[in-house]
$ cat data_30.cif   # mmCIF, C-alpha atoms
data_model
loop_
_atom_site.group_PDB
_atom_site.id
_atom_site.type_symbol
_atom_site.label_atom_id
_atom_site.label_comp_id
_atom_site.auth_asym_id
_atom_site.auth_seq_id
_atom_site.Cartn_x
_atom_site.Cartn_y
_atom_site.Cartn_z
ATOM 1 C CA MET A 1 -18.520 -6.896 -34.225
ATOM 2 C CA ALA A 2 -19.225 -10.226 -32.510
ATOM 3 C CA PHE A 3 -15.498 -10.719 -31.896
ATOM 4 C CA ALA A 4 -15.280 -7.258 -30.327
ATOM 5 C CA LEU A 5 -18.324 -7.808 -28.117
ATOM 6 C CA THR A 6 -16.848 -10.976 -26.619
ATOM 7 C CA GLN A 7 -13.667 -9.245 -25.460
ATOM 8 C CA GLY A 8 -12.621 -8.131 -21.995
ATOM 9 C CA PRO A 9 -15.102 -6.405 -19.682
ATOM 10 C CA LEU A 10 -17.784 -6.205 -22.382
ATOM 11 C CA ALA A 11 -18.890 -9.745 -21.590
ATOM 12 C CA GLY A 12 -19.257 -8.887 -17.894
ATOM 13 C CA ALA A 13 -21.485 -6.236 -16.351
ATOM 14 C CA GLY A 14 -21.874 -2.500 -16.830
ATOM 15 C CA ALA A 15 -23.179 -0.221 -19.544
ATOM 16 C CA ILE A 16 -21.976 -0.460 -23.147
ATOM 17 C CA PHE A 17 -22.105 2.508 -25.506
ATOM 18 C CA ALA A 18 -22.044 1.951 -29.279
ATOM 19 C CA LEU A 19 -21.251 5.149 -31.173
ATOM 20 C CA ARG A 20 -21.372 5.804 -34.895
ATOM 21 C CA THR A 21 -21.960 8.411 -37.580
ATOM 22 C CA PRO A 22 -24.567 6.898 -39.941
ATOM 23 C CA ARG A 23 -24.020 9.374 -42.738
ATOM 24 C CA ARG A 24 -20.445 8.153 -43.203
ATOM 25 C CA GLN A 25 -21.186 4.435 -43.250
ATOM 26 C CA ARG A 26 -22.477 2.295 -46.097
ATOM 27 C CA LEU A 27 -23.263 -0.752 -43.956
ATOM 28 C CA LEU A 28 -24.483 0.039 -40.460
ATOM 29 C CA THR A 29 -24.233 -2.547 -37.714
ATOM 30 C CA LEU A 30 -27.716 -3.675 -36.745
ATOM 31 C CA PHE A 31 -27.928 -4.872 -33.166
ATOM 32 C CA SER A 32 -30.313 -7.674 -32.264
ATOM 33 C CA GLY A 33 -31.525 -8.413 -28.752
ATOM 34 C CA ASP A 34 -31.382 -12.150 -29.425
ATOM 35 C CA GLY A 35 -27.919 -11.797 -30.935
ATOM 36 C CA LEU A 36 -26.632 -9.872 -27.926
ATOM 37 C CA ALA A 37 -28.086 -12.510 -25.613
ATOM 38 C CA LEU A 38 -26.165 -15.214 -27.501
ATOM 39 C CA LEU A 39 -23.012 -13.230 -26.755
ATOM 40 C CA GLY A 40 -23.888 -13.175 -23.068
ATOM 41 C CA ILE A 41 -24.825 -9.490 -23.132
ATOM 42 C CA GLN A 42 -28.151 -8.281 -21.774
ATOM 43 C CA PRO A 43 -29.698 -5.945 -24.393
ATOM 44 C CA GLY A 44 -30.562 -3.422 -21.680
ATOM 45 C CA ARG A 45 -26.857 -2.772 -21.176
ATOM 46 C CA LEU A 46 -26.477 -1.335 -24.679
ATOM 47 C CA THR A 47 -27.016 2.319 -25.594
ATOM 48 C CA ILE A 48 -26.651 3.289 -29.265
ATOM 49 C CA VAL A 49 -25.475 6.853 -29.910
ATOM 50 C CA GLU A 50 -25.527 8.411 -33.381
ATOM 51 C CA THR A 51 -23.461 11.578 -33.758
ATOM 52 C CA ARG A 52 -23.396 14.142 -36.525
ATOM 53 C CA THR A 53 -19.626 14.054 -37.077
ATOM 54 C CA GLU A 54 -16.699 11.806 -36.198
ATOM 55 C CA VAL A 55 -15.304 14.560 -33.969
ATOM 56 C CA ASP A 56 -18.559 14.446 -31.995
ATOM 57 C CA MET A 57 -18.252 10.665 -31.820
ATOM 58 C CA LEU A 58 -14.739 10.902 -30.366
ATOM 59 C CA ARG A 59 -15.862 13.453 -27.799
ATOM 60 C CA ALA A 60 -18.882 11.391 -26.785
ATOM 61 C CA GLY A 61 -16.776 8.223 -26.606
ATOM 62 C CA LEU A 62 -14.231 9.947 -24.382
ATOM 63 C CA GLU A 63 -16.920 11.230 -22.011
ATOM 64 C CA ALA A 64 -18.574 7.804 -21.854
ATOM 65 C CA ALA A 65 -15.249 6.109 -21.090
ATOM 66 C CA ARG A 66 -14.701 8.455 -18.165
ATOM 67 C CA CYS A 67 -18.012 7.556 -16.521
ATOM 68 C CA PRO A 68 -18.084 5.029 -13.674
ATOM 69 C CA GLY A 69 -20.159 1.933 -14.370
ATOM 70 C CA VAL A 70 -19.363 1.903 -18.096
ATOM 71 C CA ALA A 71 -17.947 -1.456 -19.171
ATOM 72 C CA GLY A 72 -17.168 -0.558 -22.743
ATOM 73 C CA VAL A 73 -17.283 1.969 -25.548
ATOM 74 C CA LEU A 74 -17.467 0.810 -29.178
ATOM 75 C CA MET A 75 -16.942 3.299 -31.990
ATOM 76 C CA GLU A 76 -17.453 2.506 -35.668
ATOM 77 C CA SER A 77 -15.700 4.374 -38.449
ATOM 78 C CA GLU A 78 -15.394 3.889 -42.181
ATOM 79 C CA GLY A 79 -12.595 5.319 -44.241
ATOM 80 C CA ARG A 80 -9.629 7.438 -43.229
ATOM 81 C CA PHE A 81 -10.985 8.908 -39.928
ATOM 82 C CA ALA A 82 -8.528 11.824 -39.953
ATOM 83 C CA ASP A 83 -9.600 13.038 -36.511
ATOM 84 C CA TYR A 84 -8.413 9.814 -34.874
ATOM 85 C CA ASP A 85 -4.764 10.745 -34.388
ATOM 86 C CA LEU A 86 -2.173 9.926 -31.717
ATOM 87 C CA THR A 87 -3.495 12.640 -29.406
ATOM 88 C CA ALA A 88 -7.088 11.420 -29.622
ATOM 89 C CA SER A 89 -6.103 7.777 -29.173
ATOM 90 C CA ARG A 90 -3.937 8.539 -26.141
ATOM 91 C CA ARG A 91 -6.781 10.439 -24.505
ATOM 92 C CA LEU A 92 -8.986 7.382 -24.958
ATOM 93 C CA VAL A 93 -6.299 5.093 -23.528
ATOM 94 C CA LEU A 94 -5.849 7.321 -20.458
ATOM 95 C CA ALA A 95 -9.614 7.430 -19.908
ATOM 96 C CA ALA A 96 -9.816 3.634 -20.178
ATOM 97 C CA GLU A 97 -6.931 3.117 -17.764
ATOM 98 C CA ALA A 98 -8.553 5.442 -15.227
ATOM 99 C CA SER A 99 -12.056 3.956 -15.410
ATOM 100 C CA GLY A 100 -11.348 0.343 -16.359
ATOM 101 C CA ALA A 101 -13.602 0.609 -19.422
ATOM 102 C CA CYS A 102 -12.832 -1.316 -22.592
ATOM 103 C CA ILE A 103 -12.613 0.974 -25.623
ATOM 104 C CA ILE A 104 -12.861 -0.592 -29.068
ATOM 105 C CA LEU A 105 -12.578 1.298 -32.330
ATOM 106 C CA LEU A 106 -13.763 -0.608 -35.402
ATOM 107 C CA ARG A 107 -12.353 0.883 -38.594
ATOM 108 C CA SER A 108 -13.592 -0.445 -41.908
ATOM 109 C CA ASP A 109 -12.246 0.292 -45.387
ATOM 110 C CA ALA A 110 -9.216 1.982 -43.818
ATOM 111 C CA GLU A 111 -5.454 1.685 -43.756
ATOM 112 C CA PRO A 112 -3.720 0.955 -40.417
ATOM 113 C CA ARG A 113 -2.388 4.070 -38.716
ATOM 114 C CA SER A 114 -0.356 4.975 -35.650
ATOM 115 C CA SER A 115 -2.301 5.113 -32.396
ATOM 116 C CA GLY A 116 -1.935 4.598 -28.687
ATOM 117 C CA ALA A 117 -3.973 1.376 -28.865
ATOM 118 C CA GLN A 118 -2.889 -1.524 -26.681
ATOM 119 C CA THR A 119 -3.590 -3.988 -29.491
ATOM 120 C CA ARG A 120 -4.385 -4.002 -33.183
ATOM 121 C CA TRP A 121 -6.219 -6.876 -34.843
ATOM 122 C CA THR A 122 -7.323 -7.811 -38.328
ATOM 123 C CA ILE A 123 -10.544 -9.821 -38.435
ATOM 124 C CA LYS A 124 -11.839 -11.441 -41.617
ATOM 125 C CA SER A 125 -14.285 -14.167 -42.532
ATOM 126 C CA ALA A 126 -13.038 -17.735 -42.936
ATOM 127 C CA PRO A 127 -14.525 -20.889 -44.489
ATOM 128 C CA SER A 128 -16.580 -22.916 -42.045
ATOM 129 C CA VAL A 129 -15.953 -26.586 -41.360
ATOM 130 C CA ALA A 130 -18.803 -28.791 -42.586
ATOM 131 C CA LEU A 131 -20.693 -30.814 -39.995
ATOM 132 C CA GLU A 132 -21.930 -34.383 -40.308
ATOM 133 C CA ALA A 133 -23.692 -35.255 -43.575
ATOM 134 C CA ASN A 134 -21.984 -32.194 -45.076
ATOM 135 C CA ALA A 135 -24.316 -29.854 -43.178
ATOM 136 C CA PRO A 136 -23.277 -26.180 -43.115
ATOM 137 C CA GLY A 137 -20.703 -25.492 -40.427
ATOM 138 C CA TYR A 138 -20.652 -22.816 -37.758
ATOM 139 C CA PRO A 139 -19.558 -19.250 -38.607
ATOM 140 C CA ALA A 140 -15.773 -18.899 -38.676
ATOM 141 C CA ILE A 141 -13.322 -16.006 -38.676
ATOM 142 C CA GLU A 142 -9.586 -15.515 -38.910
ATOM 143 C CA ALA A 143 -8.094 -13.252 -36.235
ATOM 144 C CA GLN A 144 -4.583 -11.886 -36.594
ATOM 145 C CA LEU A 145 -2.846 -9.917 -33.850
ATOM 146 C CA LEU A 146 -0.850 -7.197 -35.580
ATOM 147 C CA ARG A 147 0.307 -5.287 -32.519
ATOM 148 C CA CYS A 148 0.372 -5.895 -28.784
ATOM 149 C CA ARG A 149 1.972 -3.334 -26.527
ATOM 150 C CA GLY A 150 4.289 -5.037 -24.050
ATOM 151 C CA GLY A 151 3.829 -8.478 -25.599
ATOM 152 C CA PRO A 152 4.358 -10.588 -28.729
ATOM 153 C CA ALA A 153 2.395 -9.929 -31.885
ATOM 154 C CA GLY A 154 1.969 -11.833 -35.123
ATOM 155 C CA GLY A 155 -0.312 -14.587 -33.838
ATOM 156 C CA ARG A 156 -3.058 -15.859 -36.104
ATOM 157 C CA TRP A 157 -6.100 -17.928 -35.109
ATOM 158 C CA ARG A 158 -8.903 -19.540 -37.097
ATOM 159 C CA LEU A 159 -11.904 -19.387 -34.805
ATOM 160 C CA THR A 160 -15.343 -20.950 -34.879
ATOM 161 C CA TRP A 161 -18.362 -19.519 -33.097
ATOM 162 C CA ASP A 162 -19.680 -21.654 -30.229
ATOM 163 C CA SER A 163 -23.299 -20.569 -29.741
ATOM 164 C CA GLU A 164 -23.748 -22.678 -26.609
ATOM 165 C CA GLY A 165 -20.644 -21.310 -24.913
ATOM 166 C CA GLY A 166 -21.137 -17.798 -26.253
ATOM 167 C CA CYS A 167 -17.513 -17.523 -27.374
ATOM 168 C CA PHE A 168 -15.095 -18.209 -30.199
ATOM 169 C CA ARG A 169 -13.084 -21.418 -30.138
ATOM 170 C CA ASP A 170 -10.190 -22.622 -32.231
ATOM 171 C CA ALA A 171 -11.087 -24.149 -35.575
ATOM 172 C CA ASP A 172 -11.239 -27.748 -34.338
ATOM 173 C CA GLY A 173 -13.526 -26.722 -31.462
ATOM 174 C CA ARG A 174 -11.360 -28.261 -28.745
ATOM 175 C CA ALA A 175 -10.350 -25.166 -26.772
ATOM 176 C CA PRO A 176 -11.272 -21.512 -26.326
ATOM 177 C CA LEU A 177 -9.024 -18.854 -27.765
ATOM 178 C CA PRO A 178 -6.042 -18.946 -25.367
ATOM 179 C CA GLY A 179 -6.092 -15.924 -23.096
ATOM 180 C CA ALA A 180 -2.482 -16.658 -22.186
ATOM 181 C CA VAL A 181 -1.471 -15.527 -25.665
ATOM 182 C CA VAL A 182 -3.289 -12.196 -25.376
ATOM 183 C CA PRO A 183 -4.871 -11.433 -21.982
ATOM 184 C CA PHE A 184 -8.144 -9.935 -23.182
ATOM 185 C CA SER A 185 -8.629 -8.165 -19.858
ATOM 186 C CA ARG A 186 -5.843 -5.863 -21.056
ATOM 187 C CA LEU A 187 -7.696 -4.752 -24.172
ATOM 188 C CA ARG A 188 -8.380 -1.055 -23.915
ATOM 189 C CA THR A 189 -8.564 0.243 -27.493
ATOM 190 C CA ASP A 190 -9.408 -1.690 -30.651
ATOM 191 C CA ALA A 191 -9.571 -0.538 -34.239
ATOM 192 C CA GLY A 192 -10.969 -2.475 -37.149
ATOM 193 C CA ASP A 193 -10.167 -2.495 -40.862
ATOM 194 C CA ASP A 194 -12.871 -4.089 -42.941
ATOM 195 C CA GLY A 195 -13.035 -4.443 -46.682
ATOM 196 C CA ALA A 196 -15.764 -6.614 -48.139
ATOM 197 C CA ASP A 197 -15.113 -9.284 -45.529
ATOM 198 C CA GLN A 198 -12.211 -8.026 -43.445
ATOM 199 C CA ARG A 199 -11.994 -5.894 -40.340
ATOM 200 C CA GLN A 200 -9.032 -4.730 -38.341
ATOM 201 C CA VAL A 201 -9.227 -4.331 -34.606
ATOM 202 C CA ALA A 202 -6.404 -2.248 -33.208
#

$ encode --input "data_30.cif" --output "structure tokens"
Amino acid sequence: MAFALTQGPLAGAGAIFALRTPRRQRLLTLFSGDGLALLGIQPGRLTIVETRTEVDMLRAGLEAARCPGVAGVLMESEGRFADYDLTASRRLVLAAEASGACIILLRSDAEPRSSGAQTRWTIKSAPSVALEANAPGYPAIEAQLLRCRGGPAGGRWRLTWDSEGGCFRDADGRAPLPGAVVPFSRLRTDAGDDGADQRQVA
């Protein structure tokens, strides 16, 4: 989730809607005001919406993406998510292109599937690098770009969280994740696949 929240317009201004269906999820994302602040996001920008069904979540996400002043829409799903098909994903992409919103779909415990998403990522935990005196290192993840419409895919990065900069940096901490490889301003739809420690963003 932290990787998703640092992408594109989400780190700027505007409202952010987080949608989910609690009854279908074993591990709900718990948002923290302090945690959002570390990501450079004012907690007041976030609205959490819980829907009865995944169809309702898709409908609500589409309506939110069409609204002016909305910076991003995050939807969480676990399992197959049969209602997220090519038609539904293309509607979301068209809404995002019209409004400029960033739409991210996080899919956990799910197989990759065809969609109109601009990009598809796999995110999983990675070992941290120990600090001086063998102190515990900063949180680390491995990000792999599986698909990028109109650009190269297949890149893989080992990233470490920089709490002072509010961003992920490469594993040695020398440079931010290179936007030249994937211009994050282009991200419109993300989907995530997460097992015990893995999530795909597509």

$ axis_aligned_box --input "data_30.cif" --around "range 164-170 of chain A" --padding-each-side "8 Å" --output "lines of an AutoDock Vina configuration file"
center_x = -17.0
center_y = -20.1
center_z = -28.6
size_x = 29.6
size_y = 21.2
size_z = 23.3

$ atom_distance --input "data_30.cif" --atom1 "CA of Ala4 in chain A" --atom2 "CA of Pro136 in chain A"
24.2 Å

$ resolve_selection --input "data_30.cif" --expression "the PyMOL selection byres ((chain A and resi 141) around 8)" --output "mmCIF file with C-alpha atoms, keeping the file's coordinate frame"
data_model
loop_
_atom_site.group_PDB
_atom_site.id
_atom_site.type_symbol
_atom_site.label_atom_id
_atom_site.label_comp_id
_atom_site.auth_asym_id
_atom_site.auth_seq_id
_atom_site.Cartn_x
_atom_site.Cartn_y
_atom_site.Cartn_z
ATOM 1 C CA ILE A 123 -10.544 -9.821 -38.435
ATOM 2 C CA LYS A 124 -11.839 -11.441 -41.617
ATOM 3 C CA SER A 125 -14.285 -14.167 -42.532
ATOM 4 C CA ALA A 126 -13.038 -17.735 -42.936
ATOM 5 C CA PRO A 127 -14.525 -20.889 -44.489
ATOM 6 C CA PRO A 139 -19.558 -19.250 -38.607
ATOM 7 C CA ALA A 140 -15.773 -18.899 -38.676
ATOM 8 C CA GLU A 142 -9.586 -15.515 -38.910
ATOM 9 C CA ALA A 143 -8.094 -13.252 -36.235
ATOM 10 C CA ARG A 158 -8.903 -19.540 -37.097
ATOM 11 C CA LEU A 159 -11.904 -19.387 -34.805
ATOM 12 C CA THR A 160 -15.343 -20.950 -34.879
#

$ closest_residue --input "data_30.cif" --among "A:Gly79, A:Gly137, A:Gly69, A:Gly116" --to "Ser99 in chain A" --atoms "only C-alpha atoms"
A:Gly69

$ resolve_selection --input "data_30.cif" --expression "the PyMOL selection byres ((chain A and resi 67) around 10)" --output "list in words"
Ala15, Leu62, Glu63, Ala64, Ala65, Arg66, Pro68, Gly69, Val70, Ala71, Ala95, Ala96, Ala98, Ser99, Gly100 and Ala101 of chain A

$ write_last_selection --input "data_30.cif" --atoms "C-alpha atoms" --output "PDB file, keeping the file's coordinate frame"
ATOM      1  CA  ALA A  15     -23.179  -0.221 -19.544  1.00  0.00           C
ATOM      2  CA  LEU A  62     -14.231   9.947 -24.382  1.00  0.00           C
ATOM      3  CA  GLU A  63     -16.920  11.230 -22.011  1.00  0.00           C
ATOM      4  CA  ALA A  64     -18.574   7.804 -21.854  1.00  0.00           C
ATOM      5  CA  ALA A  65     -15.249   6.109 -21.090  1.00  0.00           C
ATOM      6  CA  ARG A  66     -14.701   8.455 -18.165  1.00  0.00           C
ATOM      7  CA  PRO A  68     -18.084   5.029 -13.674  1.00  0.00           C
ATOM      8  CA  GLY A  69     -20.159   1.933 -14.370  1.00  0.00           C
ATOM      9  CA  VAL A  70     -19.363   1.903 -18.096  1.00  0.00           C
ATOM     10  CA  ALA A  71     -17.947  -1.456 -19.171  1.00  0.00           C
ATOM     11  CA  ALA A  95      -9.614   7.430 -19.908  1.00  0.00           C
ATOM     12  CA  ALA A  96      -9.816   3.634 -20.178  1.00  0.00           C
ATOM     13  CA  ALA A  98      -8.553   5.442 -15.227  1.00  0.00           C
ATOM     14  CA  SER A  99     -12.056   3.956 -15.410  1.00  0.00           C
ATOM     15  CA  GLY A 100     -11.348   0.343 -16.359  1.00  0.00           C
ATOM     16  CA  ALA A 101     -13.602   0.609 -19.422  1.00  0.00           C
TER      17      ALA A 101
END

$ decode --input "data_30.cif" --residues "range 44-55 of chain A" --atoms "all heavy atoms" --output "compact mmCIF listing (two decimals), in the first residue's frame"
# COMPACT_ATOMS: atom_id res chain seq x y z
N GLY A 44 -6.55 14.30 6.07
CA GLY A 44 -7.85 14.85 5.69
C GLY A 44 -8.21 14.64 4.23
O GLY A 44 -9.36 14.80 3.84
N ARG A 45 -7.21 14.28 3.43
CA ARG A 45 -7.48 14.03 2.00
C ARG A 45 -8.12 12.67 1.77
O ARG A 45 -8.66 12.42 0.69
CB ARG A 45 -6.18 14.11 1.20
CG ARG A 45 -5.51 15.47 1.18
CD ARG A 45 -4.18 15.39 0.45
NE ARG A 45 -4.34 14.83 -0.90
CZ ARG A 45 -3.37 14.25 -1.59
NH1 ARG A 45 -2.17 14.11 -1.05
NH2 ARG A 45 -3.60 13.79 -2.80
N LEU A 46 -8.01 11.77 2.75
CA LEU A 46 -8.42 10.39 2.56
C LEU A 46 -9.85 10.14 3.03
O LEU A 46 -10.22 10.51 4.14
CB LEU A 46 -7.48 9.45 3.31
CG LEU A 46 -7.79 7.95 3.19
CD1 LEU A 46 -7.53 7.46 1.78
CD2 LEU A 46 -6.95 7.16 4.19
N THR A 47 -10.64 9.50 2.17
CA THR A 47 -11.98 9.04 2.52
C THR A 47 -12.03 7.54 2.30
O THR A 47 -11.73 7.06 1.20
CB THR A 47 -13.06 9.72 1.66
OG1 THR A 47 -13.03 11.13 1.86
CG2 THR A 47 -14.45 9.19 2.00
N ILE A 48 -12.38 6.78 3.34
CA ILE A 48 -12.47 5.33 3.25
C ILE A 48 -13.92 4.94 3.00
O ILE A 48 -14.83 5.36 3.71
CB ILE A 48 -11.96 4.67 4.54
CG1 ILE A 48 -10.49 5.06 4.78
CG2 ILE A 48 -12.08 3.15 4.46
CD1 ILE A 48 -9.94 4.59 6.11
N VAL A 49 -14.14 4.14 1.97
CA VAL A 49 -15.48 3.71 1.58
C VAL A 49 -15.54 2.18 1.65
O VAL A 49 -14.73 1.50 1.01
CB VAL A 49 -15.84 4.18 0.16
CG1 VAL A 49 -17.24 3.71 -0.22
CG2 VAL A 49 -15.75 5.70 0.06
N GLU A 50 -16.47 1.65 2.41
CA GLU A 50 -16.67 0.21 2.49
C GLU A 50 -17.99 -0.14 1.79
O GLU A 50 -19.04 0.38 2.15
CB GLU A 50 -16.69 -0.26 3.95
CG GLU A 50 -15.36 -0.07 4.64
CD GLU A 50 -15.33 -0.64 6.05
OE1 GLU A 50 -16.43 -1.02 6.54
OE2 GLU A 50 -14.25 -0.73 6.64
N THR A 51 -17.90 -1.00 0.79
CA THR A 51 -19.08 -1.37 0.01
C THR A 51 -19.50 -2.80 0.33
O THR A 51 -18.70 -3.60 0.81
CB THR A 51 -18.81 -1.24 -1.50
OG1 THR A 51 -17.76 -2.15 -1.87
CG2 THR A 51 -18.37 0.18 -1.84
N ARG A 52 -20.74 -3.10 0.03
CA ARG A 52 -21.26 -4.44 0.33
C ARG A 52 -20.69 -5.49 -0.60
O ARG A 52 -20.38 -6.60 -0.18
CB ARG A 52 -22.79 -4.43 0.26
CG ARG A 52 -23.45 -5.71 0.73
CD ARG A 52 -24.96 -5.56 0.76
NE ARG A 52 -25.48 -5.24 -0.56
CZ ARG A 52 -25.81 -6.16 -1.49
NH1 ARG A 52 -25.66 -7.44 -1.21
NH2 ARG A 52 -26.28 -5.80 -2.66
N THR A 53 -20.56 -5.17 -1.89
CA THR A 53 -20.06 -6.12 -2.87
C THR A 53 -18.95 -5.49 -3.70
O THR A 53 -18.78 -4.27 -3.71
CB THR A 53 -21.18 -6.58 -3.83
OG1 THR A 53 -21.59 -5.47 -4.64
CG2 THR A 53 -22.38 -7.10 -3.05
N GLU A 54 -18.22 -6.33 -4.44
CA GLU A 54 -17.17 -5.81 -5.31
C GLU A 54 -17.75 -5.05 -6.50
O GLU A 54 -17.13 -4.13 -7.02
CB GLU A 54 -16.28 -6.97 -5.78
CG GLU A 54 -15.42 -7.53 -4.66
CD GLU A 54 -14.55 -8.68 -5.12
OE1 GLU A 54 -14.93 -9.39 -6.07
OE2 GLU A 54 -13.47 -8.87 -4.52
N VAL A 55 -18.95 -5.43 -6.94
CA VAL A 55 -19.62 -4.68 -8.00
C VAL A 55 -19.89 -3.26 -7.53
O VAL A 55 -19.65 -2.28 -8.25
CB VAL A 55 -20.93 -5.36 -8.43
CG1 VAL A 55 -21.71 -4.48 -9.41
CG2 VAL A 55 -20.64 -6.71 -9.07
